[in-house]
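Shown here: input15.pdb, PDB, C-alpha atoms and all ligand atoms.
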ATOM      1  CA  MET M   1       2.873  -1.620  -5.420
ATOM      2  CA  SER M   2      -0.476  -2.027  -3.678
ATOM      3  CA  LYS M   3      -3.449  -2.139  -6.011
ATOM      4  CA  ALA M   4      -5.748  -0.764  -3.279
ATOM      5  CA  ARG M   5      -8.546   1.468  -4.596
ATOM      6  CA  LEU M   6      -9.886   4.455  -2.671
ATOM      7  CA  ASP M   7     -13.172   5.031  -4.506
ATOM      8  CA  GLY M   8     -15.659   6.747  -2.194
ATOM      9  CA  LYS M   9     -12.920   7.661   0.292
ATOM     10  CA  THR M  10     -11.678  11.118   1.238
ATOM     11  CA  VAL M  11      -8.053  12.051   1.771
ATOM     12  CA  ILE M  12      -6.384  15.247   3.017
ATOM     13  CA  VAL M  13      -2.740  15.907   2.147
ATOM     14  CA  THR M  14      -1.098  18.954   3.738
ATOM     15  CA  GLY M  15       1.553  20.783   1.708
ATOM     16  CA  ALA M  16       0.418  19.130  -1.506
ATOM     17  CA  ASN M  17       1.273  21.861  -4.000
ATOM     18  CA  VAL M  18       4.857  20.631  -4.582
ATOM     19  CA  GLY M  19       7.262  17.832  -3.705
ATOM     20  CA  ILE M  20       6.378  14.652  -1.874
ATOM     21  CA  GLY M  21       2.889  15.907  -0.964
ATOM     22  CA  LYS M  22       1.906  16.602  -4.563
ATOM     23  CA  GLU M  23       3.178  13.219  -5.733
ATOM     24  CA  THR M  24       1.345  11.473  -2.881
ATOM     25  CA  ALA M  25      -1.872  13.335  -3.709
ATOM     26  CA  LYS M  26      -1.549  12.318  -7.368
ATOM     27  CA  ASP M  27      -1.186   8.639  -6.495
ATOM     28  CA  LEU M  28      -4.177   8.706  -4.133
ATOM     29  CA  ALA M  29      -6.245  10.506  -6.783
ATOM     30  CA  GLN M  30      -5.301   7.786  -9.284
ATOM     31  CA  ARG M  31      -6.729   5.282  -6.804
ATOM     32  CA  GLY M  32     -10.095   7.083  -6.988
ATOM     33  CA  ALA M  33     -10.120   9.086  -3.737
ATOM     34  CA  ARG M  34     -11.586  12.528  -3.249
ATOM     35  CA  VAL M  35      -8.350  14.412  -2.525
ATOM     36  CA  ILE M  36      -8.205  17.686  -0.615
ATOM     37  CA  LEU M  37      -4.966  19.612  -1.095
ATOM     38  CA  ALA M  38      -4.466  21.570   2.139
ATOM     39  CA  CYS M  39      -2.127  24.394   1.173
ATOM     40  CA  ARG M  40      -1.244  27.936   2.198
ATOM     41  CA  ASP M  41      -0.765  29.352  -1.312
ATOM     42  CA  LEU M  42      -4.020  28.983  -3.220
ATOM     43  CA  GLU M  43      -2.530  29.952  -6.567
ATOM     44  CA  LYS M  44       0.240  27.311  -6.402
ATOM     45  CA  ALA M  45      -2.236  24.780  -5.033
ATOM     46  CA  GLY M  46      -4.753  25.531  -7.804
ATOM     47  CA  LYS M  47      -2.101  24.796 -10.437
ATOM     48  CA  ALA M  48      -1.111  21.563  -8.673
ATOM     49  CA  ALA M  49      -4.770  20.475  -8.443
ATOM     50  CA  LYS M  50      -5.217  21.078 -12.156
ATOM     51  CA  GLU M  51      -2.121  18.997 -12.944
ATOM     52  CA  ILE M  52      -3.234  16.193 -10.624
ATOM     53  CA  ARG M  53      -6.752  16.114 -12.095
ATOM     54  CA  LYS M  54      -5.248  15.868 -15.581
ATOM     55  CA  ALA M  55      -2.618  13.239 -14.710
ATOM     56  CA  SER M  56      -4.960  11.056 -12.642
ATOM     57  CA  GLY M  57      -8.144  11.464 -14.669
ATOM     58  CA  ASN M  58      -9.888  12.140 -11.338
ATOM     59  CA  GLY M  59     -11.864  15.397 -11.252
ATOM     60  CA  ASN M  60     -12.478  15.112  -7.515
ATOM     61  CA  VAL M  61      -9.313  16.942  -6.451
ATOM     62  CA  VAL M  62      -9.935  20.183  -4.587
ATOM     63  CA  VAL M  63      -7.976  22.840  -2.728
ATOM     64  CA  GLN M  64      -8.611  24.233   0.755
ATOM     65  CA  LYS M  65      -6.587  26.988   2.393
ATOM     66  CA  LEU M  66      -4.409  25.853   5.312
ATOM     67  CA  ASP M  67      -1.522  27.812   6.776
ATOM     68  CA  LEU M  68       0.062  25.674   9.469
ATOM     69  CA  ALA M  69       1.916  28.721  10.792
ATOM     70  CA  SER M  70      -1.418  30.098  12.031
ATOM     71  CA  LEU M  71      -3.529  28.207  14.574
ATOM     72  CA  GLN M  72      -6.471  30.365  13.468
ATOM     73  CA  SER M  73      -6.007  29.081   9.910
ATOM     74  CA  VAL M  74      -5.810  25.485  11.198
ATOM     75  CA  ARG M  75      -9.091  25.984  13.107
ATOM     76  CA  SER M  76     -10.839  27.570  10.085
ATOM     77  CA  PHE M  77      -9.667  24.740   7.843
ATOM     78  CA  ALA M  78     -10.816  22.058  10.289
ATOM     79  CA  ASN M  79     -14.195  23.799  10.748
ATOM     80  CA  LYS M  80     -14.711  23.900   7.004
ATOM     81  CA  ILE M  81     -13.821  20.217   6.664
ATOM     82  CA  THR M  82     -16.091  19.082   9.510
ATOM     83  CA  GLU M  83     -18.953  21.219   8.199
ATOM     84  CA  THR M  84     -18.676  20.193   4.547
ATOM     85  CA  GLU M  85     -17.141  16.698   4.398
ATOM     86  CA  THR M  86     -19.124  13.636   5.403
ATOM     87  CA  ARG M  87     -16.031  11.476   5.910
ATOM     88  CA  LEU M  88     -12.248  11.510   6.220
ATOM     89  CA  ASP M  89     -10.432   8.231   5.596
ATOM     90  CA  ILE M  90      -6.797   9.292   5.365
ATOM     91  CA  LEU M  91      -5.055  12.357   6.803
ATOM     92  CA  ILE M  92      -1.504  12.864   5.563
ATOM     93  CA  ASN M  93       0.441  15.372   7.649
ATOM     94  CA  ASN M  94       3.065  16.045   5.019
ATOM     95  CA  ALA M  95       3.793  19.796   4.941
ATOM     96  CA  GLY M  96       7.127  20.845   6.335
ATOM     97  CA  ILE M  97       9.693  23.589   6.566
ATOM     98  CA  MET M  98      13.402  22.931   7.109
ATOM     99  CA  ARG M  99      16.235  25.027   8.505
ATOM    100  CA  CYS M 100      14.623  28.421   8.022
ATOM    101  CA  PRO M 101      15.932  31.573   9.720
ATOM    102  CA  LYS M 102      14.667  32.390  13.220
ATOM    103  CA  TRP M 103      11.069  33.039  12.240
ATOM    104  CA  LYS M 104       7.937  32.915  14.362
ATOM    105  CA  THR M 105       4.469  31.656  13.569
ATOM    106  CA  GLU M 106       1.464  33.969  13.860
ATOM    107  CA  ASP M 107       1.046  32.673  17.429
ATOM    108  CA  GLY M 108       4.658  33.349  18.409
ATOM    109  CA  PHE M 109       6.037  29.815  18.202
ATOM    110  CA  GLU M 110       9.355  29.062  16.542
ATOM    111  CA  MET M 111       8.480  28.424  12.875
ATOM    112  CA  GLN M 112       9.705  24.834  12.350
ATOM    113  CA  PHE M 113       8.241  23.534  15.614
ATOM    114  CA  GLY M 114       5.068  25.529  14.936
ATOM    115  CA  VAL M 115       4.485  24.316  11.364
ATOM    116  CA  ASN M 116       5.929  20.795  11.433
ATOM    117  CA  HIS M 117       4.528  19.780  14.813
ATOM    118  CA  LEU M 118       2.075  22.180  16.486
ATOM    119  CA  GLY M 119       0.027  22.962  13.368
ATOM    120  CA  HIS M 120      -0.328  19.267  12.537
ATOM    121  CA  PHE M 121      -0.963  18.393  16.194
ATOM    122  CA  LEU M 122      -3.927  20.777  16.363
ATOM    123  CA  LEU M 123      -5.179  19.820  12.899
ATOM    124  CA  THR M 124      -5.151  16.096  13.699
ATOM    125  CA  ASN M 125      -6.953  16.598  17.007
ATOM    126  CA  LEU M 126      -9.634  18.774  15.414
ATOM    127  CA  LEU M 127     -10.260  16.135  12.738
ATOM    128  CA  LEU M 128     -10.245  13.114  15.058
ATOM    129  CA  ASP M 129     -14.030  12.814  15.412
ATOM    130  CA  LEU M 130     -14.474  12.733  11.641
ATOM    131  CA  LEU M 131     -11.641  10.182  11.311
ATOM    132  CA  LYS M 132     -13.241   8.014  14.020
ATOM    133  CA  LYS M 133     -16.634   8.293  12.346
ATOM    134  CA  SER M 134     -15.048   7.110   9.069
ATOM    135  CA  ALA M 135     -13.054   4.222  10.612
ATOM    136  CA  PRO M 136     -11.149   2.246   9.520
ATOM    137  CA  SER M 137      -9.088   5.346   8.843
ATOM    138  CA  ARG M 138      -5.442   6.336   8.921
ATOM    139  CA  ILE M 139      -3.239   9.216  10.038
ATOM    140  CA  VAL M 140       0.153   9.358   8.330
ATOM    141  CA  THR M 141       2.746  11.895   9.467
ATOM    142  CA  VAL M 142       5.849  12.632   7.432
ATOM    143  CA  SER M 143       8.726  12.920   9.887
ATOM    144  CA  SER M 144      12.421  12.554   9.026
ATOM    145  CA  LEU M 145      15.496  10.529   9.862
ATOM    146  CA  ALA M 146      16.673  13.832  11.401
ATOM    147  CA  HIS M 147      14.472  12.995  14.407
ATOM    148  CA  ILE M 148      17.211  10.637  15.608
ATOM    149  CA  ARG M 149      19.382  13.616  16.575
ATOM    150  CA  GLY M 150      16.365  15.425  18.020
ATOM    151  CA  LYS M 151      15.784  16.489  21.605
ATOM    152  CA  ILE M 152      12.695  18.157  23.011
ATOM    153  CA  ASN M 153      13.911  21.347  24.674
ATOM    154  CA  PHE M 154      11.122  21.611  27.228
ATOM    155  CA  ASP M 155      12.830  24.530  29.007
ATOM    156  CA  ASP M 156      13.178  26.538  25.798
ATOM    157  CA  ILE M 157      10.807  24.990  23.259
ATOM    158  CA  ASN M 158      11.158  27.955  20.864
ATOM    159  CA  LEU M 159      14.964  27.863  21.148
ATOM    160  CA  ASP M 160      14.891  31.553  22.062
ATOM    161  CA  ASN M 161      18.144  31.319  23.997
ATOM    162  CA  CYS M 162      20.195  29.642  21.294
ATOM    163  CA  TYR M 163      18.505  29.271  17.919
ATOM    164  CA  ASP M 164      20.005  26.692  15.600
ATOM    165  CA  PRO M 165      17.975  25.885  12.449
ATOM    166  CA  ALA M 166      19.152  22.251  12.394
ATOM    167  CA  VAL M 167      18.385  21.646  16.080
ATOM    168  CA  SER M 168      14.942  23.140  15.577
ATOM    169  CA  TYR M 169      14.178  20.900  12.589
ATOM    170  CA  GLU M 170      15.358  17.831  14.506
ATOM    171  CA  GLN M 171      13.187  18.771  17.504
ATOM    172  CA  SER M 172      10.115  19.243  15.298
ATOM    173  CA  LYS M 173      10.627  15.909  13.542
ATOM    174  CA  LEU M 174      11.137  14.080  16.843
ATOM    175  CA  ALA M 175       7.883  15.673  17.996
ATOM    176  CA  ASN M 176       6.191  14.124  14.912
ATOM    177  CA  VAL M 177       7.391  10.676  15.998
ATOM    178  CA  LEU M 178       6.450  11.097  19.676
ATOM    179  CA  PHE M 179       3.027  12.475  18.712
ATOM    180  CA  THR M 180       2.406   9.450  16.474
ATOM    181  CA  ARG M 181       3.334   6.990  19.221
ATOM    182  CA  GLU M 182       1.130   8.641  21.833
ATOM    183  CA  LEU M 183      -1.723   9.104  19.364
ATOM    184  CA  ALA M 184      -1.616   5.400  18.475
ATOM    185  CA  LYS M 185      -2.028   4.550  22.176
ATOM    186  CA  LYS M 186      -4.909   6.982  22.597
ATOM    187  CA  LEU M 187      -6.617   5.667  19.438
ATOM    188  CA  LYS M 188      -6.361   1.987  20.400
ATOM    189  CA  ASP M 189      -9.600   0.128  19.484
ATOM    190  CA  THR M 190     -11.053   3.110  17.579
ATOM    191  CA  GLY M 191     -10.214   1.796  14.092
ATOM    192  CA  VAL M 192      -7.990   4.834  13.474
ATOM    193  CA  THR M 193      -4.280   4.103  13.039
ATOM    194  CA  ALA M 194      -1.390   6.555  13.307
ATOM    195  CA  ASN M 195       2.004   5.959  11.722
ATOM    196  CA  CYS M 196       4.911   8.159  10.736
ATOM    197  CA  LEU M 197       7.812   7.889   8.327
ATOM    198  CA  HIS M 198      11.056   9.063   6.812
ATOM    199  CA  PRO M 199      10.665   9.437   3.037
ATOM    200  CA  GLY M 200      14.365   9.142   2.135
ATOM    201  CA  VAL M 201      16.558  11.965   0.860
ATOM    202  CA  ILE M 202      14.498  13.382  -1.940
ATOM    203  CA  GLN M 203      14.984  16.052  -4.613
ATOM    204  CA  THR M 204      12.394  18.623  -3.526
ATOM    205  CA  GLU M 205      12.221  22.262  -2.495
ATOM    206  CA  ILE M 206      12.815  21.365   1.178
ATOM    207  CA  ILE M 207      16.337  22.823   1.000
ATOM    208  CA  ARG M 208      15.013  26.230  -0.098
ATOM    209  CA  HIS M 209      16.060  27.956   3.174
ATOM    210  CA  LEU M 210      19.264  25.943   3.637
ATOM    211  CA  TYR M 211      20.545  26.505   0.106
ATOM    212  CA  PRO M 212      21.218  30.275   0.355
ATOM    213  CA  THR M 213      23.345  29.698   3.479
ATOM    214  CA  LEU M 214      25.752  27.309   1.680
ATOM    215  CA  SER M 215      29.118  28.435   0.345
ATOM    216  CA  ILE M 216      29.518  28.634  -3.419
ATOM    217  CA  TRP M 217      31.631  25.413  -3.347
ATOM    218  CA  LEU M 218      28.959  23.479  -1.491
ATOM    219  CA  LYS M 219      26.343  24.770  -3.914
ATOM    220  CA  ILE M 220      28.435  23.524  -6.848
ATOM    221  CA  LEU M 221      29.060  20.167  -5.132
ATOM    222  CA  LEU M 222      25.387  19.759  -4.310
ATOM    223  CA  VAL M 223      24.428  19.469  -7.988
ATOM    224  CA  PRO M 224      26.259  16.168  -8.741
ATOM    225  CA  ILE M 225      25.583  14.859  -5.221
ATOM    226  CA  SER M 226      21.852  15.413  -5.557
ATOM    227  CA  ILE M 227      21.732  13.940  -9.067
ATOM    228  CA  LEU M 228      23.700  10.863  -7.998
ATOM    229  CA  THR M 229      22.298  10.177  -4.535
ATOM    230  CA  PHE M 230      18.949  11.922  -3.945
ATOM    231  CA  LYS M 231      15.798  10.059  -4.854
ATOM    232  CA  SER M 232      13.041  11.364  -7.121
ATOM    233  CA  VAL M 233       9.790  12.771  -5.720
ATOM    234  CA  GLN M 234       8.029   9.714  -7.061
ATOM    235  CA  GLN M 235      10.301   7.484  -4.973
ATOM    236  CA  GLY M 236       9.961   9.928  -2.085
ATOM    237  CA  ALA M 237       6.185   9.548  -2.008
ATOM    238  CA  GLN M 238       6.229   5.739  -1.813
ATOM    239  CA  THR M 239       6.523   5.407   1.968
ATOM    240  CA  SER M 240       3.637   7.855   2.533
ATOM    241  CA  ILE M 241       1.528   5.973  -0.020
ATOM    242  CA  TYR M 242       2.468   2.637   1.575
ATOM    243  CA  CYS M 243       1.372   3.869   5.011
ATOM    244  CA  ALA M 244      -1.822   5.311   3.537
ATOM    245  CA  VAL M 245      -3.098   2.371   1.491
ATOM    246  CA  SER M 246      -1.211  -0.845   2.141
ATOM    247  CA  GLU M 247      -3.551  -3.672   3.176
ATOM    248  CA  GLU M 248      -0.993  -5.256   5.510
ATOM    249  CA  LEU M 249      -1.035  -2.115   7.662
ATOM    250  CA  ASP M 250      -4.790  -2.315   8.348
ATOM    251  CA  ASN M 251      -4.196  -2.944  12.056
ATOM    252  CA  VAL M 252      -0.697  -1.535  12.413
ATOM    253  CA  SER M 253      -0.340   1.627  14.463
ATOM    254  CA  GLY M 254       2.304   3.630  16.300
ATOM    255  CA  LEU M 255       5.202   2.707  14.022
ATOM    256  CA  TYR M 256       7.900   4.643  12.192
ATOM    257  CA  PHE M 257       8.597   3.537   8.611
ATOM    258  CA  ARG M 258      11.581   4.357   6.446
TER     259      ARG M 258
HETATM  260  N1  LIG M 301      12.953  16.034   0.801
HETATM  261  C1  LIG M 301      13.581  15.305   1.719
HETATM  262  O1  LIG M 301      14.714  14.848   1.510
HETATM  263  C2  LIG M 301      12.930  15.037   3.048
HETATM  264  C3  LIG M 301      13.618  14.221   3.972
HETATM  265  C4  LIG M 301      13.001  13.954   5.195
HETATM  266  C5  LIG M 301      11.756  14.455   5.469
HETATM  267  N2  LIG M 301      11.112  15.259   4.562
HETATM  268  C6  LIG M 301       9.785  15.766   4.911
HETATM  269  O2  LIG M 301       8.906  15.569   3.829
HETATM  270  C7  LIG M 301       7.812  16.500   3.912
HETATM  271  C8  LIG M 301       7.536  17.084   2.539
HETATM  272  O3  LIG M 301       8.633  17.903   2.179
HETATM  273  P1  LIG M 301       9.197  18.025   0.690
HETATM  274  O4  LIG M 301      10.526  17.391   0.693
HETATM  275  O5  LIG M 301       8.196  17.620  -0.300
HETATM  276  O6  LIG M 301       9.471  19.617   0.643
HETATM  277  P2  LIG M 301       8.850  20.813  -0.227
HETATM  278  O7  LIG M 301       8.951  20.485  -1.668
HETATM  279  O8  LIG M 301       9.541  22.030   0.276
HETATM  280  O9  LIG M 301       7.322  20.826   0.203
HETATM  281  C9  LIG M 301       6.933  21.301   1.467
HETATM  282  C10 LIG M 301       5.449  21.594   1.460
HETATM  283  O10 LIG M 301       5.070  22.090   2.758
HETATM  284  C11 LIG M 301       4.327  23.288   2.581
HETATM  285  N3  LIG M 301       4.383  24.193   3.721
HETATM  286  C12 LIG M 301       5.459  24.799   4.263
HETATM  287  N4  LIG M 301       5.076  25.630   5.245
HETATM  288  C13 LIG M 301       3.718  25.561   5.320
HETATM  289  C14 LIG M 301       2.734  26.210   6.096
HETATM  290  N5  LIG M 301       3.043  27.146   7.003
HETATM  291  N6  LIG M 301       1.430  25.869   5.919
HETATM  292  C15 LIG M 301       1.079  24.953   4.980
HETATM  293  N7  LIG M 301       1.972  24.340   4.184
HETATM  294  C16 LIG M 301       3.272  24.633   4.354
HETATM  295  C17 LIG M 301       4.935  23.922   1.341
HETATM  296  O11 LIG M 301       4.076  24.930   0.816
HETATM  297  P3  LIG M 301       4.689  26.204  -0.015
HETATM  298  O12 LIG M 301       5.141  25.665  -1.332
HETATM  299  O13 LIG M 301       3.553  27.155  -0.083
HETATM  300  O14 LIG M 301       5.847  26.703   0.812
HETATM  301  C18 LIG M 301       5.061  22.696   0.451
HETATM  302  O15 LIG M 301       3.819  22.386  -0.117
HETATM  303  C19 LIG M 301       8.227  17.518   4.964
HETATM  304  O16 LIG M 301       7.548  17.250   6.175
HETATM  305  C20 LIG M 301       9.728  17.266   5.137
HETATM  306  O17 LIG M 301      10.179  17.625   6.420
HETATM  307  C21 LIG M 301      11.678  15.549   3.354
END
Using structure tokens, write down the structure that the file contains.
Amino acid sequence: MSKARLDGKTVIVTGANVGIGKETAKDLAQRGARVILACRDLEKAGKAAKEIRKASGNGNVVVQKLDLASLQSVRSFANKITETETRLDILINNAGIMRCPKWKTEDGFEMQFGVNHLGHFLLTNLLLDLLKKSAPSRIVTVSSLAHIRGKINFDDINLDNCYDPAVSYEQSKLANVLFTRELAKKLKDTGVTANCLHPGVIQTEIIRHLYPTLSIWLKILLVPISILTFKSVQQGAQTSIYCAVSEELDNVSGLYFR
């Protein structure tokens, strides 16, 4: 509901080619920001950027390659941003992968922990100087209610001994919350805030790896359940947008919103 404008400000949204990220990017573009869609698939991202430019009337929406499953890609992306952008006002760590098979990132980390937490952890740290230089600025990380069941398996962080896609997702989303809390402490008095959130249960492509594992009956049941109970992507983006622009959060940091 906030009428906040972002003219002259720069925003990065990770995973902005579909779902909650794309809807968030569109809203921030409508508020006048320069919006950088940080995505791994340039073709999909290019189409999303075109749609967002058209829908928002803001031509300042660009795409930069970022694959969070590769720390090299995270470093290249951050280098490009720090070399070419003069400011960064809002970083939205939105991209996510849920309940995928036992996959590894390029660096050998379990995929969900690697993408959802480690990729964003490195990205945020590499962009901190630019965020501090642009203060007041905000870091918003999209976690999940699933973090409540999460546990950090310090002895087997990649769950090599007993991989369970749900346990891995929960661990990665708890890591998002813990990272936000610690970051907020470290950023005290810098003018940079860090908050995280649960967007709700939203109709997006997040179930793309879970869906094929469901029985035919569950797949059939999922259709009416999702229509009746899941929220739209527009509703799903509201908590991210609230954390990114809301005036009453100017000095609020280290919290989890839902
Ligand atoms: N939907 C829900 O009900 C729900 C509930 C709680 C939390 N969340 C969280 O909300 C966030 C957004 O998810 P969504 O629901 O909008 O799902 P989505 O439609 O599947 O979008 C996920 C986005 O993340 C990107 N992504 C995945 N792996 C990546 C990688 N290695 N590098 C860069 N980008 C990558 C995807 O890119 P590609 O299209 O190229 O794969 C896509 O843009 C996630 O963090 C998710 O955990 C969602």
Show me which residues are within 8 Å of ligand LIG 301 (chain M) counting only C-alpha atoms and all ligand atoms, and format the list as number ranges by chain.
M: 14-22, 38-41, 44-45, 66-70, 93-98, 115-116, 141-146, 173, 198-208, 230, 233, 236
So what does the PyMOL selection byres (((chain M and resi 105) around 9) and not hetatm) actually pick up in this one, as number ranges by chain?
M: 68-71, 103-104, 106-112, 114-115
Select, from M:Cys196, M:Ile12, M:Ile227, M:Ala244, the residue with the minimum atom-to-atom distance to Arg258 in chain M, counting only C-alpha atoms.
M:Cys196
As lines of an AutoDock Vina configuration file, please: the centre and edge lengths in Å, to one decimal, of an axis-aligned box enclosing every listed atom of range 239-247 of chain M with 4 Å added on each side.
center_x = 1.5
center_y = 2.1
center_z = 2.5
size_x = 18.1
size_y = 19.5
size_z = 13.0
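In this model, the gap between CA of Ile52 in chain M and CA of Leu197 in chain M comes to 23.5 Å.
In this structure, CA of Val140 in chain M sits 21.5 Å away from CA of Ser168 in chain M.
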